[in-house]
$ cat my_file24.csv   # CSV, C-alpha atoms
chain,number,residue,atom,x,y,z
K,1,MET,CA,18.5,-10.3,11.4
K,2,ALA,CA,20.9,-7.6,10.2
K,3,VAL,CA,20.2,-4.8,7.7
K,4,THR,CA,23.2,-3.3,5.9
K,5,LEU,CA,23.4,-0.3,3.6
K,6,SER,CA,25.5,-0.4,0.4
K,7,GLY,CA,25.3,2.8,-1.7
K,8,HIS,CA,21.7,3.7,-1.5
K,9,LYS,CA,20.3,0.2,-1.2
K,10,TYR,CA,19.5,-1.8,2.0
K,11,PHE,CA,20.1,-5.5,2.2
K,12,MET,CA,18.7,-7.9,4.9
K,13,ASP,CA,20.5,-11.2,5.7
K,14,GLY,CA,17.4,-12.8,7.3
K,15,LEU,CA,13.9,-13.6,6.1
K,16,VAL,CA,12.0,-11.2,8.5
K,17,GLY,CA,12.8,-8.4,10.9
K,18,ILE,CA,10.9,-5.8,12.9
K,19,THR,CA,12.3,-2.5,14.0
K,20,HIS,CA,10.6,0.2,16.2
K,21,ASP,CA,12.0,3.6,15.4
K,22,VAL,CA,11.6,7.3,16.1
K,23,SER,CA,12.7,10.0,13.6
K,24,ALA,CA,12.8,13.7,13.8
K,25,SER,CA,13.6,14.4,10.2
K,26,GLY,CA,13.1,11.4,7.9
K,27,CYS,CA,15.4,9.4,5.6
K,28,GLU,CA,17.1,9.9,2.2
K,29,THR,CA,16.1,8.1,-1.0
K,30,HIS,CA,17.0,4.5,-1.0
K,31,THR,CA,15.8,1.0,-2.3
K,32,HIS,CA,16.0,-2.4,-0.7
K,33,ASP,CA,16.0,-6.1,-1.5
K,34,PHE,CA,13.1,-6.9,0.8
K,35,VAL,CA,9.5,-5.8,1.2
K,36,GLU,CA,8.9,-3.1,3.9
K,37,ILE,CA,5.6,-2.6,5.7
K,38,ILE,CA,5.6,0.6,7.7
K,39,TYR,CA,3.0,1.4,10.3
K,40,LEU,CA,2.9,4.9,11.8
K,41,LEU,CA,2.3,4.9,15.6
K,42,ARG,CA,2.7,8.6,16.2
K,43,GLY,CA,3.1,11.9,14.3
K,44,ARG,CA,2.7,12.9,10.7
K,45,CYS,CA,5.0,12.6,7.7
K,46,VAL,CA,5.2,12.3,4.0
K,47,HIS,CA,6.5,9.2,2.2
K,48,ILE,CA,7.8,9.4,-1.3
K,49,ILE,CA,7.5,6.0,-3.1
K,50,ASN,CA,8.6,6.0,-6.8
K,51,ASP,CA,8.2,9.8,-6.9
K,52,THR,CA,4.7,9.8,-5.6
K,53,ALA,CA,4.0,11.5,-2.3
K,54,TYR,CA,1.8,9.9,0.4
K,55,PRO,CA,0.9,12.0,3.5
K,56,VAL,CA,0.4,9.7,6.4
K,57,SER,CA,-0.5,9.9,10.1
K,58,ARG,CA,-1.2,7.5,13.0
K,59,GLY,CA,-3.0,4.4,11.6
K,60,SER,CA,-1.4,4.6,8.2
K,61,MET,CA,0.2,1.5,6.8
K,62,LEU,CA,2.5,1.5,3.7
K,63,MET,CA,3.8,-1.4,1.6
K,64,VAL,CA,7.1,-0.6,-0.1
K,65,ASN,CA,7.9,-3.2,-2.6
K,66,TYR,CA,11.2,-4.6,-3.8
K,67,HIS,CA,13.4,-2.1,-5.6
K,68,CYS,CA,11.0,0.8,-5.2
K,69,THR,CA,12.7,4.2,-4.5
K,70,HIS,CA,11.6,5.4,-1.1
K,71,SER,CA,12.2,8.3,1.2
K,72,PHE,CA,10.2,10.3,3.8
K,73,PHE,CA,10.3,13.6,5.6
K,74,SER,CA,8.5,14.3,8.9
K,75,GLU,CA,6.7,17.2,10.5
K,76,GLY,CA,8.5,16.8,13.8
K,77,SER,CA,9.1,13.6,15.6
K,78,VAL,CA,7.4,10.4,14.3
K,79,GLU,CA,7.3,6.9,15.7
K,80,TYR,CA,6.8,3.9,13.5
K,81,ILE,CA,7.3,0.2,13.2
K,82,ASN,CA,9.0,-1.4,10.2
K,83,ILE,CA,8.2,-5.0,9.3
K,84,LEU,CA,10.9,-6.2,6.8
K,85,MET,CA,10.2,-9.4,5.1
K,86,LYS,CA,11.1,-11.6,2.2
K,87,PRO,CA,8.0,-13.4,0.9
K,88,GLU,CA,9.7,-16.8,1.2
K,89,PHE,CA,9.3,-16.3,5.0
K,90,ILE,CA,5.5,-16.8,4.4
K,91,HIS,CA,6.0,-19.7,2.1
K,92,GLN,CA,9.3,-21.5,1.2
K,93,ASN,CA,8.3,-21.8,-2.5
K,94,LEU,CA,8.5,-18.0,-2.9
K,95,VAL,CA,12.3,-17.6,-3.4
K,96,GLN,CA,13.2,-14.2,-4.8
K,97,PRO,CA,9.8,-13.4,-6.4
K,98,GLU,CA,9.7,-10.3,-8.5
K,99,ASN,CA,7.4,-8.5,-6.0
K,100,ALA,CA,5.4,-9.0,-2.9
K,101,PHE,CA,2.2,-9.7,-4.8
K,102,ALA,CA,3.5,-13.1,-5.7
K,103,LEU,CA,1.9,-13.9,-2.3
K,104,LEU,CA,-1.5,-13.6,-4.0
K,105,ALA,CA,-0.8,-16.9,-5.8
K,106,LEU,CA,-0.8,-18.8,-2.5
K,107,ASN,CA,-3.9,-20.5,-1.2
K,108,ASP,CA,-3.9,-18.3,1.9
K,109,PHE,CA,-4.4,-15.2,-0.2
K,110,LYS,CA,-6.0,-16.5,-3.4
K,111,ASP,CA,-9.3,-14.7,-2.6
K,112,PHE,CA,-7.5,-11.4,-3.2
K,113,GLN,CA,-5.7,-12.4,-6.4
K,114,THR,CA,-8.0,-10.5,-8.8
K,115,ILE,CA,-9.3,-7.7,-6.6
K,116,VAL,CA,-6.2,-6.2,-4.8
K,117,ALA,CA,-5.4,-2.8,-6.2
K,118,LYS,CA,-1.6,-3.3,-6.6
K,119,GLU,CA,-1.0,0.4,-7.5
K,120,ASN,CA,-2.3,1.5,-4.1
K,121,CYS,CA,0.5,1.1,-1.5
K,122,VAL,CA,-1.0,3.0,1.4
K,123,VAL,CA,-4.1,2.2,3.6
K,124,HIS,CA,-5.4,3.7,6.8
K,125,PHE,CA,-6.9,2.1,9.9
K,126,SER,CA,-9.0,4.0,12.4
K,127,GLY,CA,-11.1,3.3,15.5
K,128,GLU,CA,-11.3,-0.2,16.9
K,129,GLU,CA,-9.8,-1.7,13.7
K,130,ARG,CA,-6.7,0.5,14.4
K,131,ASN,CA,-6.5,-0.8,17.9
K,132,GLN,CA,-6.6,-4.4,16.7
K,133,VAL,CA,-3.9,-3.8,14.1
K,134,GLU,CA,-1.6,-2.1,16.6
K,135,MET,CA,-2.1,-5.0,19.1
K,136,LEU,CA,-1.2,-7.4,16.4
K,137,ILE,CA,1.9,-5.5,15.3
K,138,LEU,CA,3.1,-5.1,18.9
K,139,SER,CA,2.6,-8.8,19.5
K,140,MET,CA,4.7,-9.5,16.4
K,141,GLU,CA,7.4,-7.2,17.7
K,142,GLN,CA,7.5,-9.1,21.0
K,143,ASP,CA,7.8,-12.5,19.2
K,144,ALA,CA,10.6,-11.1,17.0
K,145,GLN,CA,12.6,-9.9,20.1
K,146,LYS,CA,12.1,-12.7,22.6
K,147,LEU,CA,12.6,-15.7,20.3
K,148,LEU,CA,10.7,-18.1,22.6
K,149,PRO,CA,9.8,-21.6,21.5
K,150,GLY,CA,7.3,-21.2,18.7
K,151,SER,CA,8.1,-17.5,18.1
K,152,GLN,CA,8.8,-18.0,14.4
K,153,LEU,CA,5.5,-19.8,13.9
K,154,ALA,CA,3.6,-17.2,15.9
K,155,LEU,CA,5.4,-14.4,13.9
K,156,ARG,CA,4.5,-16.1,10.6
K,157,CYS,CA,0.9,-16.5,11.6
K,158,SER,CA,0.6,-13.0,12.8
K,159,LEU,CA,2.2,-11.7,9.6
K,160,ASN,CA,-0.4,-13.7,7.6
K,161,LEU,CA,-3.2,-12.0,9.6
K,162,LEU,CA,-1.6,-8.6,9.0
K,163,LEU,CA,-1.3,-9.1,5.3
K,164,ILE,CA,-5.0,-10.2,5.2
K,165,ARG,CA,-6.0,-7.0,6.8
K,166,LEU,CA,-3.8,-5.0,4.5
K,167,PHE,CA,-5.1,-6.8,1.4
K,168,ARG,CA,-8.7,-6.3,2.5
K,169,LYS,CA,-8.1,-2.6,2.6
K,170,MET,CA,-6.4,-2.6,-0.7
K,171,SER,CA,-9.2,-4.7,-2.3
K,172,LEU,CA,-12.1,-2.4,-1.5
K,173,PRO,CA,-13.8,-1.1,-4.6
K,174,MET,CA,-13.4,2.4,-6.1
K,175,ARG,CA,-9.6,2.3,-5.8
K,176,SER,CA,-8.7,4.0,-9.0
K,177,GLY,CA,-9.7,6.6,-11.6
K,178,LYS,CA,-12.0,9.2,-10.1
K,179,GLY,CA,-13.3,7.1,-7.2
K,180,ILE,CA,-12.5,7.3,-3.6
K,181,ASP,CA,-8.7,6.9,-3.1
K,182,SER,CA,-5.9,7.7,-0.7
K,183,GLU,CA,-5.3,11.1,-2.4
K,184,LEU,CA,-8.8,12.2,-1.6
K,185,LEU,CA,-8.6,10.9,2.0
K,186,ALA,CA,-5.3,12.8,2.4
K,187,TYR,CA,-7.0,16.0,1.1
K,188,ILE,CA,-9.8,15.6,3.6
K,189,LYS,CA,-7.4,15.1,6.5
K,190,ASN,CA,-5.2,18.0,5.5
K,191,ASN,CA,-8.2,20.3,5.2
K,192,CYS,CA,-10.4,18.9,8.0
K,193,ALA,CA,-10.4,22.3,9.8
K,194,GLU,CA,-12.2,23.8,6.8
K,195,ARG,CA,-15.9,23.4,6.0
K,196,LEU,CA,-15.8,20.5,3.6
K,197,THR,CA,-19.2,19.6,2.1
K,198,LEU,CA,-20.4,16.4,0.5
K,199,GLU,CA,-21.4,18.4,-2.6
K,200,GLU,CA,-17.9,19.9,-2.9
K,201,LEU,CA,-16.1,16.6,-2.6
K,202,ALA,CA,-18.5,14.8,-4.9
K,203,ALA,CA,-17.9,17.4,-7.5
K,204,GLN,CA,-14.1,16.9,-7.3
K,205,ARG,CA,-14.7,13.2,-8.3
K,206,HIS,CA,-17.5,14.0,-10.8
K,207,TYR,CA,-20.0,12.0,-8.8
K,208,SER,CA,-23.5,12.8,-7.6
K,209,PRO,CA,-23.6,13.5,-3.9
K,210,SER,CA,-25.6,10.3,-3.3
K,211,HIS,CA,-23.3,8.1,-5.3
K,212,PHE,CA,-20.2,9.7,-3.6
K,213,SER,CA,-21.7,9.1,-0.2
K,214,ARG,CA,-22.4,5.4,-0.9
K,215,SER,CA,-18.9,4.9,-2.4
K,216,PHE,CA,-17.2,6.8,0.5
K,217,LYS,CA,-18.9,4.6,3.1
K,218,GLN,CA,-18.1,1.4,1.1
K,219,TYR,CA,-14.4,2.4,0.8
K,220,THR,CA,-13.8,3.7,4.4
K,221,GLY,CA,-16.5,1.9,6.4
K,222,MET,CA,-17.9,5.2,7.7
K,223,THR,CA,-19.8,8.2,6.6
K,224,LEU,CA,-18.1,11.3,5.4
K,225,THR,CA,-19.3,13.1,8.6
K,226,ARG,CA,-17.9,10.4,10.8
K,227,TYR,CA,-14.6,10.4,8.9
K,228,LEU,CA,-14.3,14.2,9.2
K,229,ASP,CA,-15.0,13.9,13.0
K,230,ALA,CA,-12.3,11.2,13.3
K,231,ALA,CA,-9.8,13.3,11.3
K,232,ARG,CA,-10.4,16.3,13.5
K,233,ILE,CA,-9.9,14.3,16.6
K,234,GLU,CA,-6.6,12.9,15.1
K,235,ARG,CA,-5.5,16.4,14.3
K,236,ALA,CA,-6.4,17.5,17.9
K,237,CYS,CA,-4.3,14.7,19.3
K,238,PHE,CA,-1.3,15.9,17.2
K,239,LEU,CA,-1.8,19.5,18.5
K,240,LEU,CA,-2.2,18.3,22.1
K,241,GLU,CA,1.1,16.4,21.8
K,242,SER,CA,3.1,19.0,19.9
K,243,THR,CA,1.9,22.3,21.3
K,244,ASP,CA,0.9,23.9,24.5
K,245,LYS,CA,-2.2,25.5,23.1
K,246,PRO,CA,-5.3,25.6,25.3
K,247,VAL,CA,-7.9,22.9,24.6
K,248,GLY,CA,-10.4,25.5,23.6
K,249,THR,CA,-8.1,26.9,21.0
K,250,ILE,CA,-7.3,23.5,19.6
K,251,ILE,CA,-11.1,22.7,19.3
K,252,SER,CA,-11.4,25.9,17.1
K,253,ASP,CA,-8.2,25.1,15.2
K,254,VAL,CA,-9.5,21.7,14.0
K,255,GLY,CA,-12.8,23.1,12.8
K,256,CYS,CA,-15.1,22.0,15.6
K,257,SER,CA,-17.9,24.4,16.5
K,258,ASP,CA,-19.7,22.1,19.0
K,259,ARG,CA,-17.5,21.7,22.1
K,260,THR,CA,-19.8,19.0,23.6
K,261,LYS,CA,-19.7,16.9,20.5
K,262,PHE,CA,-15.9,17.3,20.3
K,263,PHE,CA,-15.4,16.1,23.9
K,264,ARG,CA,-17.8,13.2,23.3
K,265,HIS,CA,-16.0,12.1,20.1
K,266,PHE,CA,-12.6,12.6,21.7
K,267,LEU,CA,-13.5,10.3,24.6
K,268,GLN,CA,-14.9,7.7,22.2
K,269,GLN,CA,-11.9,7.7,20.0
K,270,THR,CA,-9.1,7.9,22.6
K,271,GLY,CA,-10.7,6.7,25.8
K,272,GLN,CA,-9.4,9.9,27.5
K,273,THR,CA,-10.3,13.5,27.9
K,274,PRO,CA,-8.1,16.0,26.0
K,275,LEU,CA,-6.2,17.0,29.2
K,276,GLN,CA,-5.7,13.3,30.2
K,277,TYR,CA,-4.5,12.6,26.7
K,278,ARG,CA,-2.0,15.5,26.8
K,279,LYS,CA,-0.7,14.4,30.2
K,280,SER,CA,-0.3,10.8,29.1
K,281,ARG,CA,1.6,11.7,26.0
K,282,LYS,CA,3.9,14.1,27.8
K,283,GLN,CA,4.9,11.2,30.1
K,284,LEU,CA,6.1,9.0,27.2
$ encode --input "my_file24.csv" --output "structure tokens"
Amino acid sequence: MAVTLSGHKYFMDGLVGITHDVSASGCETHTHDFVEIIYLLRGRCVHIINDTAYPVSRGSMLMVNYHCTHSFFSEGSVEYINILMKPEFIHQNLVQPENAFALLALNDFKDFQTIVAKENCVVHFSGEERNQVEMLILSMEQDAQKLLPGSQLALRCSLNLLLIRLFRKMSLPMRSGKGIDSELLAYIKNNCAERLTLEELAAQRHYSPSHFSRSFKQYTGMTLTRYLDAARIERACFLLESTDKPVGTIISDVGCSDRTKFFRHFLQQTGQTPLQYRKSRKQL
């Protein structure tokens, strides 16, 4: 697989490719003749897809369709995996489809045909689900590199599984209008150090608090409180990696007032204490 740049457009000579990259700044606006699935492993950045900004962090996955304009800029170093594919890699009948959602016409994905929100190109994985997705992606990367007997079949099967996970996230209800959406989740993450209340967020979406609470859990799989806790731990991880601030200062900076609760949630989410996490990341 080789990717070449002509003008501001990338071309791929194969059907599928996987790259593992690190960037300290980002990339300029471009398009490409393949579908790009981007998974962020580390750091924070903002992707611009067709003039819409999408703030992302670890666990975020983006689908950039054929011919979309795309660029990104980062807040320091970011690590990410790019999965580049032409849909005919999944099925030989899909030769030069107009967009990646032609996949939904296939039997493997027909359950999603009428419920995937095609305008939503970013989803976020957290907790155990994020661990499973990362293991799947890293397994795909190994199959793409080693080219052992059966690697192409394994890669195709793994890509199917990844697309199913992606489409499931994209097909959850309340995707558009004034419902729960990626813009709201980005707002919560960017302001997680503040005192965000259920009533305030519900008012932003013109919902009653009870309806907002139900919709939020249906959309994200967790309560608002749990989502806020996870966002604060994620922000704490970023500060532990990128600064030398004391742990106590970081706890305050991310808006946690209960140190015991913070340490308990940090251990649950990362499997390490804050100091262990900082030491392990510094060694990478």
$ closest_residue --input "my_file24.csv" --among "K:Ser210, K:Gln132, K:Thr52, K:Thr29" --to "Glu183 in chain K" --atoms "all atoms listed in the file"
K:Thr52
$ closest_residue --input "my_file24.csv" --among "K:Tyr39, K:Tyr66, K:Phe238, K:Tyr277" --to "His20 in chain K" --atoms "all atoms listed in the file"
K:Tyr39
$ atom_distance --input "my_file24.csv" --atom1 "CA of Gly248 in chain K" --atom2 "CA of Asn191 in chain K"
19.2 Å
$ residues_near_point --input "my_file24.csv" --point "(9.1, -14.4, 16.2)" --cutoff "9 Å" --atoms "only C-alpha atoms" --output "PyMOL selection string"
chain K and resi 16-17+140-156
$ closest_residue --input "my_file24.csv" --among "K:Glu134, K:Glu128, K:Glu28, K:Asp108" --to "Tyr80 in chain K" --atoms "all atoms listed in the file"
K:Glu134
$ atom_distance --input "my_file24.csv" --atom1 "CA of Leu198 in chain K" --atom2 "CA of Phe212 in chain K"
7.9 Å
$ residues_around --input "my_file24.csv" --residues "Val247 in chain K" --least-positions-apart "2" --cutoff "12 Å" --atoms "all atoms listed in the file" --output "number ranges by chain"
K: 233, 236-237, 239-241, 243-245, 249-254, 256, 259, 262-263, 266, 273-278
$ closest_atom_pairs --input "my_file24.csv" --of "range 81-151 of chain K" --to "range 214-227 of chain K" --cutoff "10 Å" --atoms "all atoms listed in the file" --output "JSON lines"
{"residue": "K:Val123", "atom": "CA", "partner": "K:Thr220", "partner_atom": "CA", "distance": 9.8}
{"residue": "K:His124", "atom": "CA", "partner": "K:Thr220", "partner_atom": "CA", "distance": 8.7}
{"residue": "K:Phe125", "atom": "CA", "partner": "K:Thr220", "partner_atom": "CA", "distance": 9.0}
{"residue": "K:Ser126", "atom": "CA", "partner": "K:Tyr227", "partner_atom": "CA", "distance": 9.2}
$ closest_residue --input "my_file24.csv" --among "K:Leu106, K:Leu5, K:Val133, K:Leu84" --to "Ser158 in chain K" --atoms "all atoms listed in the file"
K:Val133
$ closest_residue --input "my_file24.csv" --among "K:Phe73, K:Tyr207, K:Tyr54, K:Phe34" --to "Asn99 in chain K" --atoms "all atoms listed in the file"
K:Phe34
$ closest_residue --input "my_file24.csv" --among "K:Leu161, K:Leu15, K:Val35, K:Val64" --to "His91 in chain K" --atoms "all atoms listed in the file"
K:Leu15
$ atom_distance --input "my_file24.csv" --atom1 "CA of Gly14 in chain K" --atom2 "CA of Leu159 in chain K"
15.4 Å
$ build_atoms --input "my_file24.csv" --residues "range 232-267 of chain K" --atoms "N, CA and C atoms" --output "PDB file, in the frame of the given file"
ATOM      1  N   ARG K 232     -10.584  15.169  12.598  1.00  0.00           N
ATOM      2  CA  ARG K 232     -10.400  16.300  13.500  1.00  0.00           C
ATOM      3  C   ARG K 232      -9.890  15.920  14.853  1.00  0.00           C
ATOM      4  N   ILE K 233     -10.373  14.787  15.352  1.00  0.00           N
ATOM      5  CA  ILE K 233      -9.900  14.300  16.600  1.00  0.00           C
ATOM      6  C   ILE K 233      -8.391  13.916  16.489  1.00  0.00           C
ATOM      7  N   GLU K 234      -8.048  13.291  15.372  1.00  0.00           N
ATOM      8  CA  GLU K 234      -6.600  12.900  15.100  1.00  0.00           C
ATOM      9  C   GLU K 234      -5.755  14.146  15.068  1.00  0.00           C
ATOM     10  N   ARG K 235      -6.238  15.188  14.394  1.00  0.00           N
ATOM     11  CA  ARG K 235      -5.500  16.400  14.300  1.00  0.00           C
ATOM     12  C   ARG K 235      -5.376  17.072  15.709  1.00  0.00           C
ATOM     13  N   ALA K 236      -6.447  17.004  16.490  1.00  0.00           N
ATOM     14  CA  ALA K 236      -6.400  17.500  17.900  1.00  0.00           C
ATOM     15  C   ALA K 236      -5.393  16.810  18.708  1.00  0.00           C
ATOM     16  N   CYS K 237      -5.301  15.486  18.546  1.00  0.00           N
ATOM     17  CA  CYS K 237      -4.300  14.700  19.300  1.00  0.00           C
ATOM     18  C   CYS K 237      -2.894  15.180  18.947  1.00  0.00           C
ATOM     19  N   PHE K 238      -2.660  15.429  17.666  1.00  0.00           N
ATOM     20  CA  PHE K 238      -1.300  15.900  17.200  1.00  0.00           C
ATOM     21  C   PHE K 238      -1.036  17.266  17.891  1.00  0.00           C
ATOM     22  N   LEU K 239      -2.005  18.168  17.926  1.00  0.00           N
ATOM     23  CA  LEU K 239      -1.800  19.500  18.500  1.00  0.00           C
ATOM     24  C   LEU K 239      -1.616  19.397  20.029  1.00  0.00           C
ATOM     25  N   LEU K 240      -2.331  18.485  20.671  1.00  0.00           N
ATOM     26  CA  LEU K 240      -2.200  18.300  22.100  1.00  0.00           C
ATOM     27  C   LEU K 240      -0.783  17.797  22.459  1.00  0.00           C
ATOM     28  N   GLU K 241      -0.232  16.947  21.598  1.00  0.00           N
ATOM     29  CA  GLU K 241       1.100  16.400  21.800  1.00  0.00           C
ATOM     30  C   GLU K 241       2.202  17.395  21.507  1.00  0.00           C
ATOM     31  N   SER K 242       2.020  18.171  20.446  1.00  0.00           N
ATOM     32  CA  SER K 242       3.100  19.000  19.900  1.00  0.00           C
ATOM     33  C   SER K 242       3.084  20.439  20.264  1.00  0.00           C
ATOM     34  N   THR K 243       1.993  20.908  20.883  1.00  0.00           N
ATOM     35  CA  THR K 243       1.900  22.300  21.300  1.00  0.00           C
ATOM     36  C   THR K 243       1.384  22.436  22.683  1.00  0.00           C
ATOM     37  N   ASP K 244       1.441  23.646  23.200  1.00  0.00           N
ATOM     38  CA  ASP K 244       0.900  23.900  24.500  1.00  0.00           C
ATOM     39  C   ASP K 244      -0.398  24.768  24.413  1.00  0.00           C
ATOM     40  N   LYS K 245      -1.017  24.751  23.251  1.00  0.00           N
ATOM     41  CA  LYS K 245      -2.200  25.500  23.100  1.00  0.00           C
ATOM     42  C   LYS K 245      -3.334  25.043  24.005  1.00  0.00           C
ATOM     43  N   PRO K 246      -4.164  25.966  24.502  1.00  0.00           N
ATOM     44  CA  PRO K 246      -5.300  25.600  25.300  1.00  0.00           C
ATOM     45  C   PRO K 246      -6.262  24.670  24.531  1.00  0.00           C
ATOM     46  N   VAL K 247      -6.978  23.817  25.236  1.00  0.00           N
ATOM     47  CA  VAL K 247      -7.900  22.900  24.600  1.00  0.00           C
ATOM     48  C   VAL K 247      -8.931  23.640  23.763  1.00  0.00           C
ATOM     49  N   GLY K 248      -9.439  24.730  24.303  1.00  0.00           N
ATOM     50  CA  GLY K 248     -10.400  25.500  23.600  1.00  0.00           C
ATOM     51  C   GLY K 248      -9.934  26.027  22.247  1.00  0.00           C
ATOM     52  N   THR K 249      -8.676  26.459  22.224  1.00  0.00           N
ATOM     53  CA  THR K 249      -8.100  26.900  21.000  1.00  0.00           C
ATOM     54  C   THR K 249      -7.914  25.803  19.983  1.00  0.00           C
ATOM     55  N   ILE K 250      -7.511  24.640  20.477  1.00  0.00           N
ATOM     56  CA  ILE K 250      -7.300  23.500  19.600  1.00  0.00           C
ATOM     57  C   ILE K 250      -8.674  23.058  18.994  1.00  0.00           C
ATOM     58  N   ILE K 251      -9.734  23.091  19.790  1.00  0.00           N
ATOM     59  CA  ILE K 251     -11.100  22.700  19.300  1.00  0.00           C
ATOM     60  C   ILE K 251     -11.409  23.644  18.093  1.00  0.00           C
ATOM     61  N   SER K 252     -11.127  24.914  18.231  1.00  0.00           N
ATOM     62  CA  SER K 252     -11.400  25.900  17.100  1.00  0.00           C
ATOM     63  C   SER K 252     -10.468  25.610  15.953  1.00  0.00           C
ATOM     64  N   ASP K 253      -9.190  25.320  16.239  1.00  0.00           N
ATOM     65  CA  ASP K 253      -8.200  25.100  15.200  1.00  0.00           C
ATOM     66  C   ASP K 253      -8.521  23.927  14.290  1.00  0.00           C
ATOM     67  N   VAL K 254      -9.157  22.908  14.847  1.00  0.00           N
ATOM     68  CA  VAL K 254      -9.500  21.700  14.000  1.00  0.00           C
ATOM     69  C   VAL K 254     -10.841  21.797  13.392  1.00  0.00           C
ATOM     70  N   GLY K 255     -11.511  22.946  13.552  1.00  0.00           N
ATOM     71  CA  GLY K 255     -12.800  23.100  12.800  1.00  0.00           C
ATOM     72  C   GLY K 255     -14.001  22.648  13.511  1.00  0.00           C
ATOM     73  N   CYS K 256     -13.949  22.419  14.827  1.00  0.00           N
ATOM     74  CA  CYS K 256     -15.100  22.000  15.600  1.00  0.00           C
ATOM     75  C   CYS K 256     -15.849  23.156  16.193  1.00  0.00           C
ATOM     76  N   SER K 257     -17.116  23.269  15.933  1.00  0.00           N
ATOM     77  CA  SER K 257     -17.900  24.400  16.500  1.00  0.00           C
ATOM     78  C   SER K 257     -18.716  23.929  17.714  1.00  0.00           C
ATOM     79  N   ASP K 258     -18.899  22.647  17.896  1.00  0.00           N
ATOM     80  CA  ASP K 258     -19.700  22.100  19.000  1.00  0.00           C
ATOM     81  C   ASP K 258     -18.759  21.455  20.012  1.00  0.00           C
ATOM     82  N   ARG K 259     -18.494  22.154  21.119  1.00  0.00           N
ATOM     83  CA  ARG K 259     -17.500  21.700  22.100  1.00  0.00           C
ATOM     84  C   ARG K 259     -18.018  20.352  22.750  1.00  0.00           C
ATOM     85  N   THR K 260     -19.310  20.246  23.018  1.00  0.00           N
ATOM     86  CA  THR K 260     -19.800  19.000  23.600  1.00  0.00           C
ATOM     87  C   THR K 260     -19.636  17.827  22.739  1.00  0.00           C
ATOM     88  N   LYS K 261     -19.928  18.019  21.459  1.00  0.00           N
ATOM     89  CA  LYS K 261     -19.700  16.900  20.500  1.00  0.00           C
ATOM     90  C   LYS K 261     -18.255  16.570  20.393  1.00  0.00           C
ATOM     91  N   PHE K 262     -17.375  17.584  20.406  1.00  0.00           N
ATOM     92  CA  PHE K 262     -15.900  17.300  20.300  1.00  0.00           C
ATOM     93  C   PHE K 262     -15.482  16.459  21.488  1.00  0.00           C
ATOM     94  N   PHE K 263     -15.867  16.841  22.723  1.00  0.00           N
ATOM     95  CA  PHE K 263     -15.400  16.100  23.900  1.00  0.00           C
ATOM     96  C   PHE K 263     -15.980  14.656  23.864  1.00  0.00           C
ATOM     97  N   ARG K 264     -17.217  14.493  23.390  1.00  0.00           N
ATOM     98  CA  ARG K 264     -17.800  13.200  23.300  1.00  0.00           C
ATOM     99  C   ARG K 264     -17.047  12.285  22.322  1.00  0.00           C
ATOM    100  N   HIS K 265     -16.753  12.838  21.139  1.00  0.00           N
ATOM    101  CA  HIS K 265     -16.000  12.100  20.100  1.00  0.00           C
ATOM    102  C   HIS K 265     -14.588  11.808  20.546  1.00  0.00           C
ATOM    103  N   PHE K 266     -13.973  12.776  21.213  1.00  0.00           N
ATOM    104  CA  PHE K 266     -12.600  12.600  21.700  1.00  0.00           C
ATOM    105  C   PHE K 266     -12.514  11.431  22.653  1.00  0.00           C
ATOM    106  N   LEU K 267     -13.461  11.382  23.578  1.00  0.00           N
ATOM    107  CA  LEU K 267     -13.500  10.300  24.600  1.00  0.00           C
ATOM    108  C   LEU K 267     -13.735   8.965  23.909  1.00  0.00           C
TER     109      LEU K 267
END
